[in-house]
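Okay, so here's the structure we're looking at.
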Amino acid sequence: KAGVTQTPRYLIKTRGQQVTLSCSPISGHRSVSWYQQTPGQGLQFLFEYFSETQRNKGNFPGRFSGRQFSNSRSEMNVSTLELGDSALYLCASSRRDQNTGELFFGEGSRLTVL
Amino acid sequence: AQSVAQPEDQVNVAEGNPLTVKCTYSVSGNPYLFWYVQYPNRGLQFLLKYITGDNLVKGSYGFEAEFNKSQTSFHLKKPSALVSDSALYFCAVRDGGFQKLVFGTGTRLLVSP
């Protein structure tokens, strides 16, 4: 069974640009969330999607947005990039109906903002 | 808000010795607690969880964790460490949302041969 797939794995952008990251969850998983990992702030929750609806949002500015499609795939977008947005962005999926809590993470998209 | 704390930035242990990675929690209500491991340039891998029930939780790769309500702790343990256990370990607690976890700062485990 394929795991969570994130693309691209690595990307470099310059300040002011925007970026879109993609996440394909494990087959059968309908819940997707995104996390930002930085050396300074650690792992921080960005948002959670289920059935194409945002269910929860972390404390990030409006430049950070996301969406989920009918096939459960998800994208997140960061507009007007800042140097501080350089981070590893992790996507996670789970079967919401199990309510068992464990998340399955992808290997992440490493964004560098110059 | 729920939170977890990992008081040690790094834990060093010799191969074959027991290891403990510490985690304390602060929650309102019943905690949903997790341990994840991260290898270099990789995502997080689930190790184990405590939802309810037995205080000793067994997980992947021979790891276990002990839930202690009176000490508000959820320490990760393994009877005999392997060099391949060297990685970054995160304690986490569910915070309101189904997939919303609050993570600790992480503890780097270094197992020497």
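Residue names in the structure tokens use chain letters A, B, ... in the order shown, residue numbers from 1 in each chain, and ligand numbers from 1 in the order shown.
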Identify all chain A residues at most 12 Å from chain B by counting only C-alpha atoms; ligands do not count. Present them as number ranges by chain.
A: 3-6, 9-10, 30-50, 54-59, 87-110
With a distance cut-off of 9 Å and only C-alpha atoms, select the neighbouring residues of range 20-28 of chain B, excluding the residue or stretch itself and same-chain residues fewer than 4 positions from it, and output the selection as a list in words.
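Once the adjacent positions are removed, what remains is Ala1, Gln2, Ser3, Val4, Ala5, Gln6, Pro7, Glu8, Gln10, Val11, Leu33, Gln71, Thr72, Ser73, Phe74, His75, Leu76, Lys77, Lys78, Pro79, Tyr89, Phe90, Cys91, Ala92, Val93, Asp95, Gly104, Thr107 and Leu109 of chain B.
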Strand (DSSP E or B) residues, from DSSP on the backbone, in chain A, as a ChimeraX atom specification
/A:5-7,10-13,19-24,31-38,42-50,53-57,64-68,74-78,87-94,104-105,109-113
If you measure from CA of Arg108 in chain B to CA of Tyr39 in chain B, what distance in Å do you get, rounded to one decimal?
10.1 Å
If you run DSSP on this backbone, which residues of chain B come out as helix (DSSP H, G or I), and could you give them as an MDAnalysis selection string?
chainID B and resid 60:62 83:85
Best match for closeness to Gln17 in chain A among A:Thr80, A:Thr112, A:Asp85, A:Phe69, counting only C-alpha atoms:
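Closest to Gln17 in chain A of all the choices is A:Thr80.
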